[in-house]
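Asker: target.txt (compact mmCIF, C-alpha atoms) pasted underneath:
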# COMPACT_ATOMS: atom_id res chain seq x y z
CA MET A 1 46.04 -26.06 6.89
CA THR A 2 43.41 -28.59 7.83
CA THR A 3 40.30 -27.19 9.46
CA SER A 4 37.19 -28.85 10.81
CA ASP A 5 33.93 -27.58 12.20
CA GLY A 6 34.15 -27.04 15.91
CA ASP A 7 30.65 -25.68 16.35
CA ALA A 8 29.56 -24.99 19.89
CA GLY A 9 26.45 -26.79 21.02
CA ARG A 10 26.87 -29.80 18.75
CA THR A 11 28.15 -33.06 20.14
CA THR A 12 28.42 -35.37 17.11
CA ARG A 13 32.04 -36.08 16.25
CA GLN A 14 33.62 -36.56 12.87
CA GLN A 15 33.68 -40.14 11.70
CA GLY A 16 37.45 -40.29 12.06
CA LYS A 17 38.13 -39.76 8.37
CA ARG A 18 41.53 -38.34 7.71
CA ALA A 19 41.32 -34.91 6.08
CA PRO A 20 43.48 -34.24 3.01
CA ALA A 21 46.08 -31.56 3.66
CA GLY A 22 44.88 -28.09 2.65
CA ALA A 23 41.19 -28.98 2.46
CA ALA A 24 38.51 -27.66 4.78
CA VAL A 25 36.61 -30.59 6.23
CA LEU A 26 32.93 -29.76 6.46
CA ARG A 27 31.01 -32.00 8.80
CA GLU A 28 28.03 -33.43 6.92
CA ASP A 29 25.82 -33.45 10.03
CA VAL A 30 26.40 -29.72 10.47
CA THR A 31 25.60 -29.11 6.80
CA GLU A 32 22.38 -31.08 7.20
CA ALA A 33 21.41 -29.17 10.34
CA ILE A 34 21.92 -25.90 8.46
CA ARG A 35 19.85 -27.07 5.47
CA THR A 36 17.00 -28.07 7.78
CA ALA A 37 17.24 -24.75 9.59
CA VAL A 38 17.07 -22.81 6.31
CA PHE A 39 13.78 -24.45 5.31
CA ALA A 40 12.34 -23.81 8.77
CA GLU A 41 13.49 -20.17 8.74
CA LEU A 42 12.21 -19.61 5.20
CA ALA A 43 8.81 -20.97 6.20
CA ALA A 44 8.71 -18.90 9.38
CA VAL A 45 9.94 -15.49 8.25
CA GLY A 46 10.41 -15.60 4.46
CA TYR A 47 13.43 -14.96 2.28
CA ALA A 48 13.54 -11.19 2.75
CA ARG A 49 13.60 -11.32 6.55
CA MET A 50 15.73 -14.45 6.86
CA SER A 51 19.24 -13.85 8.24
CA ILE A 52 22.36 -15.99 8.44
CA GLU A 53 22.28 -15.29 12.16
CA GLY A 54 18.75 -16.68 12.52
CA ILE A 55 19.70 -19.77 10.53
CA ALA A 56 22.80 -20.38 12.62
CA ARG A 57 20.85 -19.97 15.87
CA ARG A 58 18.16 -22.41 14.72
CA ALA A 59 20.77 -24.93 13.58
CA GLY A 60 22.68 -24.61 16.85
CA VAL A 61 25.91 -23.64 15.10
CA GLY A 62 28.01 -20.50 14.79
CA LYS A 63 27.58 -18.05 11.89
CA THR A 64 31.05 -19.02 10.67
CA ALA A 65 29.83 -22.57 10.08
CA VAL A 66 27.25 -21.19 7.64
CA TYR A 67 29.63 -18.81 5.87
CA ARG A 68 32.20 -21.60 5.51
CA ARG A 69 29.68 -23.41 3.29
CA TRP A 70 27.83 -20.64 1.46
CA ARG A 71 28.94 -17.13 0.57
CA SER A 72 25.57 -15.51 1.18
CA LYS A 73 21.90 -16.09 1.89
CA LEU A 74 21.24 -16.00 -1.85
CA HIS A 75 23.80 -18.71 -2.59
CA LEU A 76 22.43 -20.85 0.20
CA VAL A 77 18.89 -20.72 -1.15
CA LEU A 78 19.97 -21.25 -4.77
CA ASP A 79 21.88 -24.34 -3.69
CA LEU A 80 18.89 -25.77 -1.83
CA VAL A 81 16.51 -25.14 -4.73
CA SER A 82 18.88 -26.89 -7.14
CA ALA A 83 19.20 -29.83 -4.77
CA LEU A 84 15.40 -30.20 -4.65
CA ALA A 85 15.18 -30.35 -8.44
CA VAL A 86 17.63 -33.21 -8.65
CA GLN A 87 15.38 -35.35 -6.44
CA GLY A 88 13.05 -35.59 -9.47
CA LEU A 89 10.26 -38.15 -9.32
CA PRO A 90 10.21 -41.14 -11.64
CA THR A 91 7.52 -40.87 -14.35
CA PRO A 92 4.35 -42.76 -13.33
CA ASP A 93 3.53 -45.61 -15.73
CA THR A 94 0.10 -47.05 -14.92
CA GLY A 95 -0.86 -47.99 -18.49
CA SER A 96 -3.22 -45.06 -19.15
CA LEU A 97 -2.96 -41.28 -19.40
CA GLU A 98 -5.70 -40.79 -16.83
CA GLY A 99 -4.06 -43.21 -14.40
CA ASP A 100 -0.67 -41.53 -14.82
CA LEU A 101 -2.21 -38.11 -14.17
CA ARG A 102 -4.01 -39.41 -11.12
CA LEU A 103 -0.76 -40.73 -9.66
CA LEU A 104 1.10 -37.51 -10.52
CA TYR A 105 -1.58 -35.49 -8.70
CA GLU A 106 -1.45 -37.70 -5.63
CA VAL A 107 2.30 -37.30 -5.29
CA THR A 108 2.21 -33.56 -6.05
CA SER A 109 -0.67 -32.79 -3.71
CA ARG A 110 1.06 -34.60 -0.85
CA ALA A 111 4.19 -32.53 -1.48
CA LEU A 112 2.26 -29.24 -1.75
CA ARG A 113 0.31 -29.95 1.43
CA HIS A 114 3.54 -29.85 3.43
CA PRO A 115 3.57 -26.48 5.23
CA VAL A 116 7.17 -25.86 4.27
CA ALA A 117 6.36 -26.27 0.56
CA SER A 118 3.26 -24.10 0.71
CA GLN A 119 5.19 -21.32 2.46
CA VAL A 120 8.58 -21.59 0.79
CA ILE A 121 7.44 -21.90 -2.84
CA PRO A 122 5.44 -18.64 -3.00
CA ASP A 123 8.24 -16.91 -1.15
CA LEU A 124 10.91 -17.97 -3.62
CA GLN A 125 8.59 -17.04 -6.45
CA ALA A 126 8.15 -13.57 -5.04
CA GLU A 127 11.93 -13.22 -4.87
CA ALA A 128 12.29 -14.60 -8.40
CA ALA A 129 10.22 -11.66 -9.63
CA ARG A 130 13.04 -9.33 -8.61
CA ASN A 131 16.12 -11.55 -8.62
CA PRO A 132 17.19 -13.11 -11.95
CA GLU A 133 19.48 -15.66 -10.25
CA ILE A 134 16.64 -17.04 -8.14
CA GLU A 135 14.35 -16.96 -11.18
CA ALA A 136 16.84 -19.00 -13.23
CA ALA A 137 17.34 -21.54 -10.43
CA LEU A 138 13.59 -21.96 -9.94
CA GLN A 139 12.94 -22.38 -13.65
CA LYS A 140 15.69 -24.98 -13.86
CA ALA A 141 14.18 -26.78 -10.85
CA LEU A 142 10.75 -26.71 -12.52
CA ARG A 143 12.08 -28.01 -15.81
CA GLU A 144 13.99 -30.85 -14.18
CA GLY A 145 11.31 -31.67 -11.64
CA GLN A 146 7.61 -31.18 -12.37
CA HIS A 147 8.02 -30.56 -16.09
CA GLY A 148 10.31 -33.53 -16.61
CA VAL A 149 7.68 -35.86 -15.17
CA ALA A 150 4.83 -34.21 -17.09
CA SER A 151 6.76 -34.51 -20.37
CA GLY A 152 7.32 -38.19 -19.67
CA ILE A 153 3.58 -38.73 -19.15
CA VAL A 154 2.77 -36.99 -22.45
CA ALA A 155 5.39 -39.03 -24.33
CA GLN A 156 3.96 -42.29 -22.94
CA ALA A 157 0.42 -41.27 -23.94
CA VAL A 158 1.58 -40.46 -27.47
CA ALA A 159 3.35 -43.83 -27.68
CA ARG A 160 0.14 -45.59 -26.54
CA GLY A 161 -1.91 -43.68 -29.13
CA GLU A 162 -3.96 -41.87 -26.45
CA LEU A 163 -2.66 -38.48 -27.61
CA ARG A 164 -2.06 -37.64 -31.24
CA ALA A 165 1.48 -37.94 -32.59
CA GLY A 166 3.15 -34.80 -33.90
CA LEU A 167 2.49 -32.42 -31.00
CA ASP A 168 4.83 -29.50 -31.58
CA GLU A 169 6.85 -27.75 -28.91
CA GLU A 170 4.14 -25.18 -28.20
CA ASP A 171 1.49 -27.91 -27.81
CA GLU A 172 3.83 -29.64 -25.37
CA GLU A 173 4.32 -26.49 -23.33
CA LEU A 174 0.57 -25.94 -23.19
CA ALA A 175 0.12 -29.58 -22.13
CA LEU A 176 2.47 -28.97 -19.19
CA ASP A 177 0.46 -25.89 -18.14
CA LEU A 178 -2.79 -27.87 -18.33
CA MET A 179 -1.28 -30.66 -16.23
CA SER A 180 0.35 -28.48 -13.56
CA GLY A 181 -1.75 -25.31 -13.34
CA PRO A 182 -5.09 -26.34 -11.81
CA LEU A 183 -3.72 -28.27 -8.81
CA TYR A 184 -1.18 -25.53 -8.11
CA TRP A 185 -3.93 -22.91 -8.32
CA ARG A 186 -6.09 -24.81 -5.85
CA ALA A 187 -3.37 -25.85 -3.39
CA VAL A 188 -1.06 -22.83 -3.40
CA VAL A 189 -3.01 -19.83 -4.75
CA VAL A 190 -6.56 -20.37 -3.46
CA ARG A 191 -5.16 -22.49 -0.60
CA GLY A 192 -8.37 -24.50 -0.60
CA GLU A 193 -9.18 -27.99 0.59
CA LEU A 194 -9.00 -30.94 -1.79
CA PRO A 195 -12.32 -32.75 -1.31
CA LYS A 196 -12.51 -36.54 -1.71
CA GLY A 197 -12.76 -37.36 -5.40
CA TYR A 198 -11.08 -34.12 -6.45
CA LEU A 199 -7.89 -35.64 -7.82
CA GLY A 200 -9.79 -38.27 -9.83
CA ALA A 201 -12.13 -35.66 -11.36
CA LEU A 202 -9.14 -33.44 -12.14
CA ALA A 203 -7.38 -36.34 -13.90
CA THR A 204 -10.51 -37.04 -16.00
CA ALA A 205 -10.96 -33.39 -17.00
CA THR A 206 -7.26 -32.90 -17.79
CA THR A 207 -7.22 -36.06 -19.93
CA ALA A 208 -10.05 -34.54 -21.99
CA ALA A 209 -8.15 -31.25 -22.27
CA LEU A 210 -4.98 -33.00 -23.49
CA LYS A 211 -6.91 -35.04 -26.06
CA ALA A 212 -8.22 -31.75 -27.51
CA LEU A 213 -4.67 -30.57 -28.32
CA MET B 1 -10.90 20.28 15.02
CA THR B 2 -10.64 20.40 11.26
CA THR B 3 -7.37 19.13 9.82
CA SER B 4 -6.12 18.92 6.27
CA ASP B 5 -3.02 17.45 4.66
CA GLY B 6 -0.25 19.98 4.49
CA ASP B 7 2.31 17.65 2.98
CA ALA B 8 5.64 19.18 2.05
CA GLY B 9 6.64 18.80 -1.57
CA ARG B 10 3.10 18.69 -2.96
CA THR B 11 1.60 21.71 -4.65
CA THR B 12 -1.97 20.66 -5.52
CA ARG B 13 -4.51 22.49 -3.38
CA GLN B 14 -7.79 21.27 -2.02
CA GLN B 15 -10.75 21.90 -4.28
CA GLY B 16 -12.19 24.44 -1.85
CA LYS B 17 -14.72 22.03 -0.36
CA ARG B 18 -15.82 23.01 3.09
CA ALA B 19 -14.86 20.41 5.67
CA PRO B 20 -17.45 19.31 8.22
CA ALA B 21 -16.49 20.29 11.75
CA GLY B 22 -14.62 17.54 13.59
CA ALA B 23 -13.72 15.54 10.48
CA ALA B 24 -10.20 15.03 9.20
CA VAL B 25 -10.09 16.07 5.56
CA LEU B 26 -7.88 13.73 3.59
CA ARG B 27 -6.83 15.08 0.24
CA GLU B 28 -7.76 12.55 -2.43
CA ASP B 29 -4.73 13.42 -4.60
CA VAL B 30 -2.41 12.61 -1.68
CA THR B 31 -4.25 9.33 -1.06
CA GLU B 32 -3.85 8.44 -4.74
CA ALA B 33 -0.15 9.31 -4.71
CA ILE B 34 0.32 7.03 -1.70
CA ARG B 35 -1.60 4.16 -3.33
CA THR B 36 0.54 4.44 -6.46
CA ALA B 37 3.70 4.55 -4.35
CA VAL B 38 2.68 1.41 -2.45
CA PHE B 39 2.34 -0.62 -5.65
CA ALA B 40 5.68 0.67 -6.90
CA GLU B 41 7.40 -0.08 -3.57
CA LEU B 42 5.82 -3.53 -3.34
CA ALA B 43 7.06 -4.35 -6.83
CA ALA B 44 10.54 -3.00 -6.11
CA VAL B 45 11.32 -4.39 -2.66
CA GLY B 46 8.45 -6.69 -1.64
CA TYR B 47 6.12 -6.65 1.34
CA ALA B 48 8.66 -7.73 3.93
CA ARG B 49 11.17 -4.99 3.11
CA MET B 50 8.64 -2.27 2.34
CA SER B 51 8.52 0.55 4.89
CA ILE B 52 6.11 3.42 5.51
CA GLU B 53 9.13 5.68 5.19
CA GLY B 54 9.96 4.36 1.71
CA ILE B 55 6.34 4.74 0.61
CA ALA B 56 6.16 8.31 1.90
CA ARG B 57 9.42 9.23 0.18
CA ARG B 58 8.26 7.77 -3.14
CA ALA B 59 4.89 9.53 -2.86
CA GLY B 60 6.56 12.82 -1.98
CA VAL B 61 4.63 13.17 1.28
CA GLY B 62 5.46 12.99 4.98
CA LYS B 63 5.12 9.75 6.97
CA THR B 64 2.28 11.36 8.92
CA ALA B 65 0.22 11.61 5.74
CA VAL B 66 0.44 7.82 5.42
CA TYR B 67 -0.32 7.09 9.07
CA ARG B 68 -3.29 9.46 8.98
CA ARG B 69 -4.88 7.10 6.43
CA TRP B 70 -3.72 3.64 7.47
CA ARG B 71 -2.66 2.32 10.86
CA SER B 72 0.11 0.09 9.54
CA LYS B 73 1.73 -1.39 6.46
CA LEU B 74 -0.51 -4.43 6.84
CA HIS B 75 -3.70 -2.35 6.87
CA LEU B 76 -2.51 -0.38 3.86
CA VAL B 77 -1.93 -3.51 1.79
CA LEU B 78 -5.17 -5.16 2.91
CA ASP B 79 -7.07 -2.06 1.85
CA LEU B 80 -5.43 -2.00 -1.59
CA VAL B 81 -6.09 -5.70 -2.18
CA SER B 82 -9.75 -5.26 -1.28
CA ALA B 83 -10.03 -2.25 -3.59
CA LEU B 84 -8.63 -4.31 -6.48
CA ALA B 85 -11.26 -7.00 -5.97
CA VAL B 86 -14.11 -4.53 -6.22
CA GLN B 87 -12.94 -3.48 -9.69
CA GLY B 88 -14.22 -6.89 -10.86
CA LEU B 89 -14.54 -7.44 -14.59
CA PRO B 90 -17.92 -7.87 -16.23
CA THR B 91 -18.55 -11.47 -17.34
CA PRO B 92 -17.71 -11.93 -21.05
CA ASP B 93 -20.76 -12.96 -23.10
CA THR B 94 -19.69 -13.88 -26.63
CA GLY B 95 -22.33 -16.55 -27.23
CA SER B 96 -20.09 -19.59 -26.70
CA LEU B 97 -18.09 -21.10 -23.84
CA GLU B 98 -14.92 -21.18 -25.92
CA GLY B 99 -15.36 -17.53 -26.96
CA ASP B 100 -15.99 -16.46 -23.37
CA LEU B 101 -12.87 -18.29 -22.19
CA ARG B 102 -10.82 -16.75 -24.96
CA LEU B 103 -11.90 -13.25 -23.92
CA LEU B 104 -11.30 -14.01 -20.23
CA TYR B 105 -7.76 -15.16 -21.05
CA GLU B 106 -7.02 -12.08 -23.13
CA VAL B 107 -8.04 -9.75 -20.32
CA THR B 108 -6.29 -11.81 -17.63
CA SER B 109 -3.05 -12.23 -19.58
CA ARG B 110 -2.86 -8.49 -20.20
CA ALA B 111 -3.29 -7.86 -16.48
CA LEU B 112 -0.74 -10.51 -15.48
CA ARG B 113 1.82 -9.19 -17.97
CA HIS B 114 1.96 -5.91 -16.07
CA PRO B 115 5.22 -5.98 -14.07
CA VAL B 116 3.46 -4.72 -10.97
CA ALA B 117 0.99 -7.63 -11.06
CA SER B 118 3.64 -10.24 -11.72
CA GLN B 119 5.74 -8.97 -8.81
CA VAL B 120 3.06 -7.98 -6.32
CA ILE B 121 0.83 -11.07 -6.58
CA PRO B 122 3.50 -13.66 -5.67
CA ASP B 123 4.68 -11.38 -2.91
CA LEU B 124 1.27 -11.07 -1.30
CA GLN B 125 0.81 -14.81 -1.68
CA ALA B 126 4.05 -15.43 0.14
CA GLU B 127 2.85 -13.19 2.96
CA ALA B 128 -0.56 -14.90 2.96
CA ALA B 129 1.21 -18.15 3.83
CA ARG B 130 2.18 -16.66 7.19
CA ASN B 131 -0.41 -13.95 7.79
CA PRO B 132 -4.07 -15.01 8.12
CA GLU B 133 -5.36 -11.45 7.58
CA ILE B 134 -3.60 -11.14 4.23
CA GLU B 135 -4.72 -14.67 3.32
CA ALA B 136 -8.36 -13.79 4.05
CA ALA B 137 -8.17 -10.54 2.06
CA LEU B 138 -6.57 -12.29 -0.92
CA GLN B 139 -9.13 -15.09 -0.90
CA LYS B 140 -11.94 -12.55 -0.77
CA ALA B 141 -10.35 -10.65 -3.67
CA LEU B 142 -10.07 -13.89 -5.65
CA ARG B 143 -13.67 -14.88 -4.96
CA GLU B 144 -15.02 -11.48 -5.94
CA GLY B 145 -12.68 -10.96 -8.88
CA GLN B 146 -11.39 -13.88 -10.94
CA HIS B 147 -13.75 -16.46 -9.48
CA GLY B 148 -16.82 -14.27 -9.87
CA VAL B 149 -16.17 -13.93 -13.59
CA ALA B 150 -15.36 -17.63 -14.01
CA SER B 151 -18.58 -18.62 -12.23
CA GLY B 152 -20.53 -16.34 -14.54
CA ILE B 153 -19.00 -18.01 -17.60
CA VAL B 154 -19.90 -21.47 -16.27
CA ALA B 155 -23.49 -20.39 -15.51
CA GLN B 156 -23.92 -19.01 -19.04
CA ALA B 157 -22.57 -22.23 -20.57
CA VAL B 158 -24.98 -24.30 -18.48
CA ALA B 159 -27.87 -22.03 -19.56
CA ARG B 160 -26.84 -22.49 -23.23
CA GLY B 161 -26.68 -26.27 -22.78
CA GLU B 162 -22.92 -26.36 -23.50
CA LEU B 163 -22.20 -27.73 -20.03
CA ARG B 164 -24.44 -30.22 -18.27
CA ALA B 165 -26.97 -28.91 -15.77
CA GLY B 166 -26.65 -30.05 -12.17
CA LEU B 167 -22.95 -29.39 -11.56
CA ASP B 168 -22.53 -29.54 -7.80
CA GLU B 169 -20.43 -27.17 -5.73
CA GLU B 170 -17.31 -29.32 -5.97
CA ASP B 171 -17.63 -29.56 -9.77
CA GLU B 172 -17.92 -25.77 -9.86
CA GLU B 173 -14.81 -25.32 -7.74
CA LEU B 174 -12.89 -27.70 -9.98
CA ALA B 175 -14.17 -25.79 -13.04
CA LEU B 176 -12.70 -22.58 -11.60
CA ASP B 177 -9.33 -24.28 -11.05
CA LEU B 178 -9.35 -25.59 -14.63
CA MET B 179 -10.18 -22.11 -15.95
CA SER B 180 -7.67 -20.14 -13.87
CA GLY B 181 -4.78 -22.51 -13.17
CA PRO B 182 -3.00 -23.05 -16.50
CA LEU B 183 -2.64 -19.38 -17.50
CA TYR B 184 -1.51 -18.45 -13.99
CA TRP B 185 1.02 -21.28 -14.02
CA ARG B 186 2.44 -20.12 -17.34
CA ALA B 187 2.44 -16.37 -16.68
CA VAL B 188 3.32 -16.19 -12.98
CA VAL B 189 4.98 -19.48 -11.97
CA VAL B 190 6.95 -20.52 -15.07
CA ARG B 191 7.10 -16.86 -16.14
CA GLY B 192 7.19 -17.98 -19.76
CA GLU B 193 6.22 -16.26 -23.00
CA LEU B 194 2.72 -16.65 -24.43
CA PRO B 195 3.30 -17.59 -28.08
CA LYS B 196 0.83 -16.48 -30.77
CA GLY B 197 -2.13 -18.86 -30.74
CA TYR B 198 -1.57 -19.87 -27.12
CA LEU B 199 -4.72 -18.29 -25.69
CA GLY B 200 -6.92 -19.79 -28.42
CA ALA B 201 -5.48 -23.28 -27.92
CA LEU B 202 -5.87 -22.90 -24.15
CA ALA B 203 -9.55 -21.92 -24.59
CA THR B 204 -10.16 -24.98 -26.81
CA ALA B 205 -8.48 -27.39 -24.39
CA THR B 206 -10.21 -25.90 -21.34
CA THR B 207 -13.60 -26.11 -23.05
CA ALA B 208 -12.98 -29.85 -23.54
CA ALA B 209 -11.96 -30.20 -19.88
CA LEU B 210 -15.12 -28.44 -18.66
CA LYS B 211 -17.35 -30.58 -20.88
CA ALA B 212 -15.86 -33.68 -19.21
CA LEU B 213 -17.11 -32.57 -15.77
Would you put the structure from the file into structure tokens?
Answerer:
Amino acid sequence: MTTSDGDAGRTTRQQGKRAPAGAAVLREDVTEAIRTAVFAELAAVGYARMSIEGIARRAGVGKTAVYRRWRSKLHLVLDLVSALAVQGLPTPDTGSLEGDLRLLYEVTSRALRHPVASQVIPDLQAEAARNPEIEAALQKALREGQHGVASGIVAQAVARGELRAGLDEEDEELALDLMSGPLYWRAVVVRGELPKGYLGALATATTAALKAL
Amino acid sequence: MTTSDGDAGRTTRQQGKRAPAGAAVLREDVTEAIRTAVFAELAAVGYARMSIEGIARRAGVGKTAVYRRWRSKLHLVLDLVSALAVQGLPTPDTGSLEGDLRLLYEVTSRALRHPVASQVIPDLQAEAARNPEIEAALQKALREGQHGVASGIVAQAVARGELRAGLDEEDEELALDLMSGPLYWRAVVVRGELPKGYLGALATATTAALKAL
């Protein structure tokens, strides 16, 4: 049987592609509307209070349209977190460790300033503390996203001779904490302003910390 | 009218103190049982799902006993967060910046390793992102707790001549982020192990970062 989304309240039509027999055709515009609605709902009410019904209402689709794509709220959120990780940033390459850190902080602080990020990240973290599946997905997202970029910056600095060669795995892990922790603390935990000059001073101080490893 | 807690399921009796006329006498052992139950419930189900009913059941008291003390779930949690802040640590004073940091990290990492802390803190942070009252209480707790100790360590290092005199307010704020961020990132965000030697290496690297301010 060939099925397609016939969601009330949405006017966009399928692009006329012929569906293979037996496959459910999922309209990409509906999927996108649901994804957008999930982030908005997460930011507004949090994971615990979020319902498939609320998501469907916000997306302007029926609940069936959501369940056709994801088995549960948990699977929906896990899928979105994984998708975010894949959009990993390229490693900055400015020619110096301090310059690379500065650029990393500019990109990260812009991302963290987005209200959705600053509301959704702590919420998923809170859920990770009691749900091993969410914890694993978040850790994977961290490794492939933030930590991938930070590792690249360290490797470049070692190659340039700015950091000593022969950092072991534990030094590397500590380097990632030194590079990621302070900005996260300021932007997400303390939720404070970033005064002019902050990111530059942070890059200078963190460069000194990394050189002490 | 003089009232006292007559909560079913609890056997401890009041210590025979005479209640002033017109005052509600709130048994301290019941209050303590409720506080303990709140932390356990927060850790188990999170702020959003936590109910006064669940707290009362866990504490072995009636719902009325909870409402007699706090108007709502929000007020209960705000009160507990404020109480935590007041239990601020004394500032370590080992004679060196690196030694003070090392001691700060040992105390903090022990506290963060407690499952209640690692589940409750992200949860309250998630709520802070959408509730200004919780945000204000958490920020006050941070300022009076963690940040109070960190400021003390910086002041001692300036007095000893280990850090330059004349750090302005923005330098100080950055110093607090450098001191608090990496361990928080590792213990609460990445939720990773702290290998042997980690806290010492972190203290060395952070000392270098602070000296670059």
Asker: Residues of chain B within 9 Å of chain A, counting all atoms listed in the file - could you list those as a ChimeraX atom specification?
Answerer: /B:43-49,115,118-130,135,138-139,142,170-171,173-174,176-186,188-191,195,198,201-202,204-213
Asker: In Å, with one decimal, what is the gap from atom CA of Gly200 of chain A to atom CA of Ala150 of chain A?
Answerer: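 These two atoms are separated by 16.8 Å.
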Asker: So how far away is atom CA of Ile55 of chain B from atom CA of Glu41 of chain B, in Å?
Answerer: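 One can read the atom CA of Glu41 of chain B to atom CA of Ile55 of chain B distance as 6.5 Å.
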Asker: Record the distance separating atom CA of Ala155 of chain A and atom CA of Ser82 of chain A, expressed in Å with one decimal.
Answerer: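 Going from atom CA of Ala155 of chain A over to atom CA of Ser82 of chain A, I get 25.0 Å.
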Asker: Which residue out of A:Gln156, A:Thr108, A:Ser72, A:Thr31 has the minimum interatomic distance to Ser96 of chain A when only C-alpha atoms are used?
Answerer: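 Nearest candidate to Ser96 of chain A out of A:Gln156, A:Thr108, A:Ser72, A:Thr31: A:Gln156.
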Asker: Excluding Ala157 of chain A and its own-chain neighbours fewer than 5 positions away, which residues fall within 12 Å of it when counting all atoms listed in the file? Please give them as a PyMOL selection string.
Answerer: chain A and resi 91-101+150-152+162-165+167+175+207+210-211
Asker: Using all atoms of segment 202-209 of chain B that appear in the file, construct an axis-aligned enclosing box with 8 Å of padding on every side and provide its centre coordinates and edge lengths in Å, rounded to one decimal, as AutoDock Vina command-line options.
Answerer:
--center_x -9.7 --center_y -26.1 --center_z -23.3 --size_x 23.7 --size_y 24.3 --size_z 22.9
Asker: Could you check the closest approach to Glu172 of chain A for each of A:Pro90, A:Gly148, A:Gly62, A:Pro132 and tell me which residue wins, using all atoms listed in the file?
Answerer: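 Closest residue, counting all atoms listed in the file: A:Gly148.
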